[in-house]
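Chemist: Contents of upload-v2.txt (compact mmCIF, N, CA, C and O atoms) are below:
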```txt
# COMPACT_ATOMS: atom_id res chain seq x y z
N MET A 1 -1.60 38.24 58.06
CA MET A 1 -2.86 37.65 58.46
C MET A 1 -2.64 36.17 58.79
O MET A 1 -2.08 35.43 58.01
N THR A 2 -3.09 35.77 59.94
CA THR A 2 -2.95 34.38 60.38
C THR A 2 -4.14 33.55 59.90
O THR A 2 -5.28 33.98 59.99
N ILE A 3 -3.82 32.38 59.39
CA ILE A 3 -4.87 31.46 58.95
C ILE A 3 -5.48 30.79 60.18
O ILE A 3 -4.77 30.16 60.96
N GLN A 4 -6.79 30.96 60.38
CA GLN A 4 -7.48 30.35 61.52
C GLN A 4 -8.42 29.23 61.10
O GLN A 4 -8.80 28.40 61.93
N TYR A 5 -8.79 29.24 59.82
CA TYR A 5 -9.75 28.25 59.34
C TYR A 5 -9.21 27.50 58.13
O TYR A 5 -8.41 28.03 57.36
N LEU A 6 -9.69 26.29 57.95
CA LEU A 6 -9.33 25.46 56.81
C LEU A 6 -10.61 24.91 56.20
O LEU A 6 -11.61 24.72 56.90
N LYS A 7 -10.56 24.65 54.91
CA LYS A 7 -11.66 23.94 54.27
C LYS A 7 -11.15 22.58 53.87
O LYS A 7 -10.09 22.45 53.27
N LEU A 8 -11.88 21.54 54.23
CA LEU A 8 -11.56 20.19 53.82
C LEU A 8 -12.48 19.80 52.67
O LEU A 8 -13.68 20.06 52.72
N GLU A 9 -11.89 19.20 51.65
CA GLU A 9 -12.64 18.56 50.58
C GLU A 9 -12.40 17.06 50.75
O GLU A 9 -11.26 16.60 50.69
N ILE A 10 -13.46 16.33 50.98
CA ILE A 10 -13.37 14.90 51.25
C ILE A 10 -14.16 14.16 50.19
O ILE A 10 -15.35 14.44 50.00
N PHE A 11 -13.52 13.24 49.51
CA PHE A 11 -14.19 12.43 48.50
C PHE A 11 -14.50 11.07 49.11
O PHE A 11 -13.60 10.40 49.63
N ILE A 12 -15.78 10.68 49.07
CA ILE A 12 -16.22 9.49 49.80
C ILE A 12 -17.34 8.80 49.03
O ILE A 12 -18.14 9.48 48.35
N PRO A 13 -17.44 7.48 49.12
CA PRO A 13 -18.57 6.80 48.47
C PRO A 13 -19.89 7.34 49.03
O PRO A 13 -19.99 7.65 50.22
N THR A 14 -20.89 7.42 48.18
CA THR A 14 -22.19 7.94 48.61
C THR A 14 -22.76 7.13 49.78
O THR A 14 -23.46 7.69 50.63
N THR A 15 -22.44 5.86 49.83
CA THR A 15 -22.94 4.99 50.90
C THR A 15 -22.42 5.38 52.28
O THR A 15 -23.00 4.98 53.29
N HIS A 16 -21.33 6.13 52.33
CA HIS A 16 -20.71 6.49 53.60
C HIS A 16 -20.95 7.94 54.01
O HIS A 16 -20.38 8.41 54.99
N PHE A 17 -21.80 8.66 53.28
CA PHE A 17 -22.00 10.08 53.56
C PHE A 17 -22.54 10.32 54.97
O PHE A 17 -22.01 11.15 55.71
N ARG A 18 -23.58 9.63 55.36
CA ARG A 18 -24.19 9.87 56.69
C ARG A 18 -23.23 9.50 57.82
O ARG A 18 -23.19 10.18 58.85
N ILE A 19 -22.42 8.49 57.61
CA ILE A 19 -21.41 8.11 58.60
C ILE A 19 -20.38 9.24 58.73
O ILE A 19 -19.98 9.60 59.84
N LEU A 20 -19.96 9.77 57.59
CA LEU A 20 -19.01 10.89 57.61
C LEU A 20 -19.62 12.10 58.30
O LEU A 20 -18.96 12.77 59.11
N GLN A 21 -20.86 12.39 57.98
CA GLN A 21 -21.54 13.54 58.59
C GLN A 21 -21.52 13.45 60.11
O GLN A 21 -21.22 14.42 60.81
N LYS A 22 -21.80 12.28 60.64
CA LYS A 22 -21.79 12.08 62.10
C LYS A 22 -20.38 12.20 62.67
O LYS A 22 -20.18 12.76 63.75
N ALA A 23 -19.40 11.66 61.95
CA ALA A 23 -18.00 11.76 62.41
C ALA A 23 -17.56 13.22 62.47
O ALA A 23 -16.89 13.64 63.42
N LEU A 24 -17.90 13.99 61.45
CA LEU A 24 -17.54 15.41 61.43
C LEU A 24 -18.23 16.17 62.57
O LEU A 24 -17.61 17.00 63.24
N GLN A 25 -19.48 15.85 62.80
CA GLN A 25 -20.21 16.50 63.89
C GLN A 25 -19.58 16.18 65.24
O GLN A 25 -19.51 17.04 66.12
N SER A 26 -19.07 14.97 65.40
CA SER A 26 -18.49 14.55 66.68
C SER A 26 -17.23 15.33 67.05
O SER A 26 -16.85 15.37 68.22
N VAL A 27 -16.56 15.94 66.05
CA VAL A 27 -15.35 16.73 66.32
C VAL A 27 -15.58 18.21 66.08
O VAL A 27 -14.64 18.99 65.97
N ASP A 28 -16.85 18.61 65.98
CA ASP A 28 -17.25 20.01 65.83
C ASP A 28 -16.79 20.63 64.51
O ASP A 28 -16.61 21.84 64.42
N ALA A 29 -16.59 19.79 63.49
CA ALA A 29 -16.28 20.33 62.16
C ALA A 29 -17.55 20.95 61.60
O ALA A 29 -18.65 20.47 61.83
N GLY A 30 -17.41 22.04 60.87
CA GLY A 30 -18.56 22.71 60.30
C GLY A 30 -19.28 23.62 61.27
O GLY A 30 -20.44 23.97 61.06
N HIS A 31 -18.60 24.05 62.32
CA HIS A 31 -19.19 24.97 63.30
C HIS A 31 -18.89 26.39 62.84
O HIS A 31 -17.73 26.81 62.84
N ILE A 32 -19.93 27.09 62.44
CA ILE A 32 -19.78 28.47 61.95
C ILE A 32 -20.76 29.35 62.73
O ILE A 32 -21.98 29.20 62.61
N GLY A 33 -20.21 30.24 63.55
CA GLY A 33 -21.06 31.12 64.36
C GLY A 33 -21.95 30.31 65.28
O GLY A 33 -21.49 29.47 66.03
N ASN A 34 -23.26 30.57 65.20
CA ASN A 34 -24.23 29.88 66.05
C ASN A 34 -24.84 28.66 65.36
O ASN A 34 -25.94 28.24 65.73
N TYR A 35 -24.14 28.12 64.37
CA TYR A 35 -24.61 26.93 63.66
C TYR A 35 -23.52 25.86 63.71
O TYR A 35 -22.34 26.17 63.69
N ASP A 36 -23.96 24.61 63.77
CA ASP A 36 -22.99 23.53 63.65
C ASP A 36 -23.47 22.57 62.56
O ASP A 36 -24.53 22.77 61.97
N SER A 37 -22.65 21.59 62.26
CA SER A 37 -22.96 20.59 61.23
C SER A 37 -23.11 21.19 59.84
O SER A 37 -23.83 20.64 59.00
N CYS A 38 -22.46 22.32 59.60
CA CYS A 38 -22.53 22.99 58.29
C CYS A 38 -21.55 22.32 57.33
O CYS A 38 -20.36 22.22 57.62
N LEU A 39 -22.06 21.85 56.21
CA LEU A 39 -21.20 21.32 55.16
C LEU A 39 -21.97 21.35 53.85
O LEU A 39 -23.18 21.56 53.84
N SER A 40 -21.25 21.17 52.77
CA SER A 40 -21.86 21.05 51.45
C SER A 40 -21.38 19.75 50.84
O SER A 40 -20.27 19.29 51.12
N TYR A 41 -22.21 19.16 49.99
CA TYR A 41 -21.78 17.98 49.27
C TYR A 41 -22.39 17.99 47.88
O TYR A 41 -23.46 18.54 47.67
N SER A 42 -21.65 17.42 46.97
CA SER A 42 -22.13 17.36 45.59
C SER A 42 -21.67 16.04 44.97
O SER A 42 -20.62 15.51 45.32
N PRO A 43 -22.48 15.51 44.05
CA PRO A 43 -22.10 14.26 43.40
C PRO A 43 -20.96 14.48 42.40
O PRO A 43 -20.95 15.48 41.68
N VAL A 44 -20.02 13.58 42.41
CA VAL A 44 -18.90 13.58 41.45
C VAL A 44 -18.66 12.15 41.01
O VAL A 44 -19.18 11.20 41.60
N LYS A 45 -17.90 11.99 39.98
CA LYS A 45 -17.50 10.66 39.54
C LYS A 45 -15.99 10.56 39.71
O LYS A 45 -15.25 11.37 39.17
N GLY A 46 -15.55 9.58 40.50
CA GLY A 46 -14.13 9.38 40.73
C GLY A 46 -13.60 8.22 39.91
O GLY A 46 -14.32 7.26 39.63
N THR A 47 -12.34 8.32 39.52
CA THR A 47 -11.68 7.21 38.84
C THR A 47 -10.35 6.93 39.52
O THR A 47 -9.72 7.83 40.08
N TRP A 48 -9.92 5.68 39.49
CA TRP A 48 -8.63 5.27 40.06
C TRP A 48 -8.29 3.89 39.53
O TRP A 48 -9.15 3.17 39.01
N ARG A 49 -7.02 3.54 39.70
CA ARG A 49 -6.56 2.20 39.33
C ARG A 49 -5.74 1.65 40.47
O ARG A 49 -4.64 2.14 40.76
N PRO A 50 -6.23 0.64 41.15
CA PRO A 50 -5.46 0.02 42.23
C PRO A 50 -4.22 -0.69 41.66
O PRO A 50 -4.32 -1.44 40.70
N LEU A 51 -3.09 -0.42 42.25
CA LEU A 51 -1.83 -1.04 41.81
C LEU A 51 -1.49 -2.23 42.69
O LEU A 51 -2.19 -2.52 43.67
N GLU A 52 -0.42 -2.92 42.35
CA GLU A 52 0.02 -4.07 43.13
C GLU A 52 0.26 -3.65 44.59
O GLU A 52 0.74 -2.55 44.85
N GLY A 53 -0.08 -4.54 45.50
CA GLY A 53 0.12 -4.26 46.92
C GLY A 53 -1.06 -3.55 47.57
O GLY A 53 -0.99 -3.17 48.73
N THR A 54 -2.14 -3.35 46.80
CA THR A 54 -3.31 -2.69 47.37
C THR A 54 -4.41 -3.70 47.68
O THR A 54 -4.42 -4.80 47.15
N THR A 55 -5.31 -3.27 48.54
CA THR A 55 -6.52 -4.03 48.82
C THR A 55 -7.68 -3.04 48.65
O THR A 55 -8.13 -2.43 49.61
N PRO A 56 -8.13 -2.85 47.41
CA PRO A 56 -9.12 -1.81 47.15
C PRO A 56 -10.49 -2.12 47.75
O PRO A 56 -10.93 -3.27 47.75
N TYR A 57 -11.13 -1.08 48.25
CA TYR A 57 -12.50 -1.19 48.75
C TYR A 57 -13.45 -1.44 47.57
O TYR A 57 -14.38 -2.23 47.68
N ILE A 58 -13.19 -0.77 46.47
CA ILE A 58 -13.96 -0.92 45.24
C ILE A 58 -12.95 -1.09 44.10
O ILE A 58 -11.96 -0.39 44.04
N GLY A 59 -13.22 -2.00 43.19
CA GLY A 59 -12.37 -2.16 42.02
C GLY A 59 -11.44 -3.35 42.11
O GLY A 59 -11.38 -4.04 43.13
N LYS A 60 -10.74 -3.56 41.00
CA LYS A 60 -9.79 -4.67 40.90
C LYS A 60 -8.41 -4.14 40.56
O LYS A 60 -8.28 -3.14 39.84
N LYS A 61 -7.39 -4.84 41.03
CA LYS A 61 -6.02 -4.44 40.77
C LYS A 61 -5.77 -4.32 39.27
O LYS A 61 -6.21 -5.15 38.48
N ASN A 62 -5.06 -3.25 38.92
CA ASN A 62 -4.63 -2.95 37.55
C ASN A 62 -5.77 -2.67 36.57
O ASN A 62 -5.56 -2.69 35.37
N GLU A 63 -6.97 -2.42 37.08
CA GLU A 63 -8.09 -2.02 36.24
C GLU A 63 -8.61 -0.66 36.71
O GLU A 63 -8.74 -0.43 37.91
N ILE A 64 -8.91 0.22 35.76
CA ILE A 64 -9.44 1.52 36.12
C ILE A 64 -10.88 1.35 36.61
O ILE A 64 -11.69 0.70 35.97
N SER A 65 -11.15 1.92 37.76
CA SER A 65 -12.49 1.92 38.35
C SER A 65 -13.10 3.30 38.19
O SER A 65 -12.39 4.31 38.19
N GLU A 66 -14.42 3.34 38.10
CA GLU A 66 -15.15 4.60 38.00
C GLU A 66 -16.41 4.45 38.84
O GLU A 66 -17.19 3.52 38.62
N GLU A 67 -16.57 5.31 39.82
CA GLU A 67 -17.70 5.19 40.75
C GLU A 67 -18.27 6.56 41.10
O GLU A 67 -17.56 7.56 41.08
N GLU A 68 -19.54 6.55 41.46
CA GLU A 68 -20.18 7.75 41.99
C GLU A 68 -19.67 7.98 43.41
O GLU A 68 -19.57 7.04 44.20
N GLU A 69 -19.33 9.23 43.70
CA GLU A 69 -18.87 9.62 45.03
C GLU A 69 -19.52 10.95 45.37
O GLU A 69 -20.14 11.59 44.52
N TYR A 70 -19.35 11.36 46.61
CA TYR A 70 -19.68 12.73 47.00
C TYR A 70 -18.39 13.47 47.30
O TYR A 70 -17.46 12.90 47.88
N LYS A 71 -18.36 14.73 46.90
CA LYS A 71 -17.32 15.65 47.34
C LYS A 71 -17.94 16.44 48.48
O LYS A 71 -18.92 17.17 48.28
N VAL A 72 -17.41 16.27 49.68
CA VAL A 72 -17.92 16.94 50.87
C VAL A 72 -16.97 18.08 51.21
O VAL A 72 -15.76 17.88 51.27
N GLU A 73 -17.53 19.26 51.43
CA GLU A 73 -16.74 20.42 51.80
C GLU A 73 -17.18 20.89 53.18
O GLU A 73 -18.37 21.07 53.43
N VAL A 74 -16.21 21.06 54.06
CA VAL A 74 -16.52 21.48 55.42
C VAL A 74 -15.42 22.41 55.92
O VAL A 74 -14.24 22.24 55.60
N THR A 75 -15.82 23.42 56.68
CA THR A 75 -14.88 24.37 57.27
C THR A 75 -14.59 23.94 58.70
O THR A 75 -15.50 23.56 59.44
N ILE A 76 -13.30 24.00 59.05
CA ILE A 76 -12.89 23.66 60.42
C ILE A 76 -11.93 24.72 60.94
O ILE A 76 -11.32 25.46 60.17
N LYS A 77 -11.81 24.77 62.26
CA LYS A 77 -10.77 25.60 62.86
C LYS A 77 -9.44 24.89 62.66
O LYS A 77 -9.36 23.66 62.81
N LYS A 78 -8.42 25.64 62.34
CA LYS A 78 -7.10 25.06 62.09
C LYS A 78 -6.63 24.20 63.25
O LYS A 78 -6.06 23.13 63.06
N GLU A 79 -6.92 24.62 64.46
CA GLU A 79 -6.49 23.88 65.65
C GLU A 79 -7.15 22.51 65.77
O GLU A 79 -6.68 21.65 66.52
N ASN A 80 -8.23 22.27 65.02
CA ASN A 80 -8.94 20.99 65.08
C ASN A 80 -8.58 20.05 63.94
O ASN A 80 -9.22 19.00 63.78
N LEU A 81 -7.56 20.39 63.16
CA LEU A 81 -7.22 19.59 61.99
C LEU A 81 -6.89 18.14 62.34
O LEU A 81 -7.44 17.22 61.74
N GLU A 82 -6.04 17.93 63.29
CA GLU A 82 -5.60 16.55 63.59
C GLU A 82 -6.75 15.67 64.06
O GLU A 82 -6.90 14.54 63.58
N LYS A 83 -7.59 16.16 64.95
CA LYS A 83 -8.70 15.33 65.43
C LYS A 83 -9.75 15.13 64.34
O LYS A 83 -10.37 14.07 64.27
N THR A 84 -9.91 16.11 63.46
CA THR A 84 -10.86 15.96 62.35
C THR A 84 -10.35 14.92 61.36
O THR A 84 -11.10 14.04 60.92
N MET A 85 -9.07 14.99 61.01
CA MET A 85 -8.49 14.01 60.09
C MET A 85 -8.58 12.60 60.67
O MET A 85 -8.90 11.65 59.97
N ALA A 86 -8.32 12.47 61.95
CA ALA A 86 -8.40 11.15 62.60
C ALA A 86 -9.82 10.61 62.54
O ALA A 86 -10.03 9.42 62.26
N ALA A 87 -10.81 11.46 62.77
CA ALA A 87 -12.21 11.03 62.73
C ALA A 87 -12.61 10.60 61.33
O ALA A 87 -13.30 9.59 61.15
N VAL A 88 -12.16 11.33 60.31
CA VAL A 88 -12.49 10.98 58.93
C VAL A 88 -11.82 9.66 58.54
O VAL A 88 -12.46 8.76 57.99
N LYS A 89 -10.54 9.54 58.84
CA LYS A 89 -9.82 8.33 58.46
C LYS A 89 -10.35 7.09 59.17
O LYS A 89 -10.31 5.99 58.63
N GLU A 90 -10.89 7.26 60.36
CA GLU A 90 -11.43 6.13 61.11
C GLU A 90 -12.65 5.51 60.41
O GLU A 90 -12.84 4.29 60.46
N ILE A 91 -13.45 6.32 59.74
CA ILE A 91 -14.68 5.80 59.13
C ILE A 91 -14.59 5.65 57.61
O ILE A 91 -15.45 5.05 57.00
N HIS A 92 -13.55 6.21 57.00
CA HIS A 92 -13.44 6.21 55.53
C HIS A 92 -13.03 4.82 55.05
O HIS A 92 -12.08 4.24 55.56
N PRO A 93 -13.74 4.27 54.06
CA PRO A 93 -13.45 2.90 53.63
C PRO A 93 -12.23 2.76 52.71
O PRO A 93 -11.73 1.65 52.56
N TYR A 94 -11.78 3.85 52.10
CA TYR A 94 -10.67 3.75 51.15
C TYR A 94 -9.33 3.63 51.86
O TYR A 94 -9.11 4.26 52.90
N GLU A 95 -8.41 2.85 51.28
CA GLU A 95 -7.04 2.76 51.80
C GLU A 95 -6.34 4.11 51.75
O GLU A 95 -5.57 4.45 52.64
N GLU A 96 -6.58 4.84 50.67
CA GLU A 96 -5.95 6.15 50.45
C GLU A 96 -7.04 7.19 50.21
O GLU A 96 -7.30 7.59 49.07
N PRO A 97 -7.72 7.65 51.26
CA PRO A 97 -8.77 8.64 51.03
C PRO A 97 -8.21 9.96 50.50
O PRO A 97 -7.12 10.37 50.89
N VAL A 98 -8.96 10.58 49.60
CA VAL A 98 -8.57 11.89 49.08
C VAL A 98 -9.20 12.95 49.96
O VAL A 98 -10.43 13.08 50.03
N ILE A 99 -8.33 13.68 50.67
CA ILE A 99 -8.77 14.75 51.56
C ILE A 99 -7.86 15.95 51.27
O ILE A 99 -6.67 15.93 51.57
N ASN A 100 -8.44 16.98 50.65
CA ASN A 100 -7.68 18.19 50.34
C ASN A 100 -7.89 19.19 51.48
O ASN A 100 -9.01 19.38 51.96
N ILE A 101 -6.79 19.84 51.89
CA ILE A 101 -6.84 20.81 52.97
C ILE A 101 -6.48 22.17 52.37
O ILE A 101 -5.37 22.35 51.85
N ILE A 102 -7.43 23.11 52.47
CA ILE A 102 -7.27 24.41 51.84
C ILE A 102 -7.32 25.50 52.92
O ILE A 102 -8.31 25.59 53.65
N PRO A 103 -6.26 26.32 53.01
CA PRO A 103 -6.29 27.41 54.00
C PRO A 103 -7.30 28.48 53.60
O PRO A 103 -7.42 28.80 52.42
N LEU A 104 -8.02 29.00 54.58
CA LEU A 104 -8.99 30.07 54.35
C LEU A 104 -8.55 31.32 55.11
O LEU A 104 -8.20 31.24 56.28
N TYR A 105 -8.62 32.44 54.46
CA TYR A 105 -8.29 33.70 55.12
C TYR A 105 -9.42 34.19 56.00
O TYR A 105 -9.22 34.94 56.94
N ALA A 106 -10.63 33.76 55.68
CA ALA A 106 -11.80 34.11 56.47
C ALA A 106 -12.86 33.03 56.25
O ALA A 106 -12.83 32.34 55.23
N ALA A 107 -13.77 32.91 57.19
CA ALA A 107 -14.85 31.93 57.07
C ALA A 107 -16.14 32.52 57.60
O ALA A 107 -16.14 33.21 58.62
N GLY A 108 -17.22 32.24 56.90
CA GLY A 108 -18.54 32.63 57.36
C GLY A 108 -18.78 34.12 57.45
O GLY A 108 -19.53 34.57 58.30
N ILE A 109 -18.13 34.88 56.59
CA ILE A 109 -18.31 36.34 56.63
C ILE A 109 -19.57 36.73 55.91
O ILE A 109 -19.87 36.26 54.86
```
Can the structure in the file be given as structure tokens, please?

Modeler:
Amino acid sequence: MTIQYLKLEIFIPTTHFRILQKALQSVDAGHIGNYDSCLSYSPVKGTWRPLEGTTPYIGKKNEISEEEEYKVEVTIKKENLEKTMAAVKEIHPYEEPVINIIPLYAAGI
């Protein structure tokens, strides 16, 4: 069975959710059947510690930060991965955004 779809999990500050939503729509992410702009999001709390050589969007070097974020889940066609990742990275404020890519055997069944 060939993988045709992927699910992206994107962790982003709540302040950037609408910007992300528009970026995803611009590359046709979340297009399932006769619907587009399909995604799910849920509130999560993220933690991290910026190390030397970083310029954190939130937090201070060598101190653990804890912030409210959204975990955004969206299904994309595998062939659109590169343009979707580029669109997300262009608007994401973090130096090292967390974006998990999960292969799906089927989508929207």

Chemist: List every residue of chain A that DSSP, applied to the backbone, labels as alpha helix (DSSP H), and write the result as a ChimeraX atom specification.

Modeler: /A:17-26,81-91

Chemist: Using DSSP on the backbone, list every residue of chain A that comes out as strand (DSSP E), and give them as a ChimeraX atom specification.

Modeler: /A:5-13,40-48,65-77,99-104

Chemist: Using only C-alpha atoms, which of A:Val44, A:Leu20, A:Ile10, A:Val74 sits nearest Ile91 of chain A?

Modeler: A:Leu20

Chemist: Considering all atoms listed in the file, can you say which of A:Ser40, A:Pro103, A:Val72, A:Lys61 comes closest to Leu8 of chain A?

Modeler: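 Among the listed residues, A:Val72 lies closest to Leu8 of chain A.
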
Chemist: Excluding segment 100-102 of chain A and residues on its chain fewer than 5 positions from it, collect all residues at most 4.5 Å away from it, counting only N, CA, C and O atoms, and give them as a PyMOL selection string.

Modeler: chain A and resi 5-9

Chemist: Considering only N, CA, C and O atoms, return as number ranges by chain whatever protein or nucleic-acid residues lie within 7 Å of Gly46 of chain A, sequence-local ones (same chain, fewer than 2 positions apart) excluded.

Modeler: A: 44, 48, 65-69

Chemist: Tell me, as a PyMOL selection string, which residues lie within 8 Å of Val88 of chain A, counting only N, CA, C and O atoms; anything in the same chain fewer than 4 positions away does not count.

Modeler: chain A and resi 19-20+23-24+81-84+92-94+97

Chemist: Put those residues in a file: N, CA, C and O atoms, as a PDB file, in the coordinates of the input.

Modeler:
```
ATOM      1  N   ILE A  19     -22.420   8.490  57.610  1.00  0.00           N
ATOM      2  CA  ILE A  19     -21.410   8.110  58.600  1.00  0.00           C
ATOM      3  C   ILE A  19     -20.380   9.240  58.730  1.00  0.00           C
ATOM      4  O   ILE A  19     -19.980   9.600  59.840  1.00  0.00           O
ATOM      5  N   LEU A  20     -19.960   9.770  57.590  1.00  0.00           N
ATOM      6  CA  LEU A  20     -19.010  10.890  57.610  1.00  0.00           C
ATOM      7  C   LEU A  20     -19.620  12.100  58.300  1.00  0.00           C
ATOM      8  O   LEU A  20     -18.960  12.770  59.110  1.00  0.00           O
ATOM      9  N   ALA A  23     -19.400  11.660  61.950  1.00  0.00           N
ATOM     10  CA  ALA A  23     -18.000  11.760  62.410  1.00  0.00           C
ATOM     11  C   ALA A  23     -17.560  13.220  62.470  1.00  0.00           C
ATOM     12  O   ALA A  23     -16.890  13.640  63.420  1.00  0.00           O
ATOM     13  N   LEU A  24     -17.900  13.990  61.450  1.00  0.00           N
ATOM     14  CA  LEU A  24     -17.540  15.410  61.430  1.00  0.00           C
ATOM     15  C   LEU A  24     -18.230  16.170  62.570  1.00  0.00           C
ATOM     16  O   LEU A  24     -17.610  17.000  63.240  1.00  0.00           O
ATOM     17  N   LEU A  81      -7.560  20.390  63.160  1.00  0.00           N
ATOM     18  CA  LEU A  81      -7.220  19.590  61.990  1.00  0.00           C
ATOM     19  C   LEU A  81      -6.890  18.140  62.340  1.00  0.00           C
ATOM     20  O   LEU A  81      -7.440  17.220  61.740  1.00  0.00           O
ATOM     21  N   GLU A  82      -6.040  17.930  63.290  1.00  0.00           N
ATOM     22  CA  GLU A  82      -5.600  16.550  63.590  1.00  0.00           C
ATOM     23  C   GLU A  82      -6.750  15.670  64.060  1.00  0.00           C
ATOM     24  O   GLU A  82      -6.900  14.540  63.580  1.00  0.00           O
ATOM     25  N   LYS A  83      -7.590  16.160  64.950  1.00  0.00           N
ATOM     26  CA  LYS A  83      -8.700  15.330  65.430  1.00  0.00           C
ATOM     27  C   LYS A  83      -9.750  15.130  64.340  1.00  0.00           C
ATOM     28  O   LYS A  83     -10.370  14.070  64.270  1.00  0.00           O
ATOM     29  N   THR A  84      -9.910  16.110  63.460  1.00  0.00           N
ATOM     30  CA  THR A  84     -10.860  15.960  62.350  1.00  0.00           C
ATOM     31  C   THR A  84     -10.350  14.920  61.360  1.00  0.00           C
ATOM     32  O   THR A  84     -11.100  14.040  60.920  1.00  0.00           O
ATOM     33  N   HIS A  92     -13.550   6.210  57.000  1.00  0.00           N
ATOM     34  CA  HIS A  92     -13.440   6.210  55.530  1.00  0.00           C
ATOM     35  C   HIS A  92     -13.030   4.820  55.050  1.00  0.00           C
ATOM     36  O   HIS A  92     -12.080   4.240  55.560  1.00  0.00           O
ATOM     37  N   PRO A  93     -13.740   4.270  54.060  1.00  0.00           N
ATOM     38  CA  PRO A  93     -13.450   2.900  53.630  1.00  0.00           C
ATOM     39  C   PRO A  93     -12.230   2.760  52.710  1.00  0.00           C
ATOM     40  O   PRO A  93     -11.730   1.650  52.560  1.00  0.00           O
ATOM     41  N   TYR A  94     -11.780   3.850  52.100  1.00  0.00           N
ATOM     42  CA  TYR A  94     -10.670   3.750  51.150  1.00  0.00           C
ATOM     43  C   TYR A  94      -9.330   3.630  51.860  1.00  0.00           C
ATOM     44  O   TYR A  94      -9.110   4.260  52.900  1.00  0.00           O
ATOM     45  N   PRO A  97      -7.720   7.650  51.260  1.00  0.00           N
ATOM     46  CA  PRO A  97      -8.770   8.640  51.030  1.00  0.00           C
ATOM     47  C   PRO A  97      -8.210   9.960  50.500  1.00  0.00           C
ATOM     48  O   PRO A  97      -7.120  10.370  50.890  1.00  0.00           O
TER      49      PRO A  97
END
```

Chemist: One decimal, in Å: what's the spacing between atom O of Thr75 of chain A and atom O of Phe17 of chain A?

Modeler: 14.5 Å

Chemist: Which residue out of A:Thr47, A:Tyr41, A:Asp28, A:Thr15 has the minimum interatomic distance to Asn80 of chain A when all atoms listed in the file are used?

Modeler: A:Asp28

Chemist: In the coordinate frame of the file, compute which residues have an atom within 7 Å of (-4.1, 31.6, 55.8) when using all atoms listed in the file, and state them as number ranges by chain.

Modeler: A: 1-5, 103-106

Chemist: Is it possible to get the residues within 6 Å of (-2.5, -3.5, 38.9) (coordinates as in the file, counting only N, CA, C and O atoms) written as an mmCIF file with N, CA, C and O atoms, in the frame of the given file?

Modeler:
```cif
data_model
loop_
_atom_site.group_PDB
_atom_site.id
_atom_site.type_symbol
_atom_site.label_atom_id
_atom_site.label_comp_id
_atom_site.auth_asym_id
_atom_site.auth_seq_id
_atom_site.Cartn_x
_atom_site.Cartn_y
_atom_site.Cartn_z
ATOM 1 N N PRO A 50 -6.230 0.640 41.150
ATOM 2 C CA PRO A 50 -5.460 0.020 42.230
ATOM 3 C C PRO A 50 -4.220 -0.690 41.660
ATOM 4 O O PRO A 50 -4.320 -1.440 40.700
ATOM 5 N N LEU A 51 -3.090 -0.420 42.250
ATOM 6 C CA LEU A 51 -1.830 -1.040 41.810
ATOM 7 C C LEU A 51 -1.490 -2.230 42.690
ATOM 8 O O LEU A 51 -2.190 -2.520 43.670
ATOM 9 N N GLU A 52 -0.420 -2.920 42.350
ATOM 10 C CA GLU A 52 0.020 -4.070 43.130
ATOM 11 C C GLU A 52 0.260 -3.650 44.590
ATOM 12 O O GLU A 52 0.740 -2.550 44.850
ATOM 13 N N LYS A 60 -10.740 -3.560 41.000
ATOM 14 C CA LYS A 60 -9.790 -4.670 40.900
ATOM 15 C C LYS A 60 -8.410 -4.140 40.560
ATOM 16 O O LYS A 60 -8.280 -3.140 39.840
ATOM 17 N N LYS A 61 -7.390 -4.840 41.030
ATOM 18 C CA LYS A 61 -6.020 -4.440 40.770
ATOM 19 C C LYS A 61 -5.770 -4.320 39.270
ATOM 20 O O LYS A 61 -6.210 -5.150 38.480
ATOM 21 N N ASN A 62 -5.060 -3.250 38.920
ATOM 22 C CA ASN A 62 -4.630 -2.950 37.550
ATOM 23 C C ASN A 62 -5.770 -2.670 36.570
ATOM 24 O O ASN A 62 -5.560 -2.690 35.370
ATOM 25 N N GLU A 63 -6.970 -2.420 37.080
ATOM 26 C CA GLU A 63 -8.090 -2.020 36.240
ATOM 27 C C GLU A 63 -8.610 -0.660 36.710
ATOM 28 O O GLU A 63 -8.740 -0.430 37.910
#
```

Chemist: What does the distance between atom C of Leu39 of chain A and atom CA of Glu90 of chain A come to in Å, to one decimal place?

Modeler: 19.9 Å
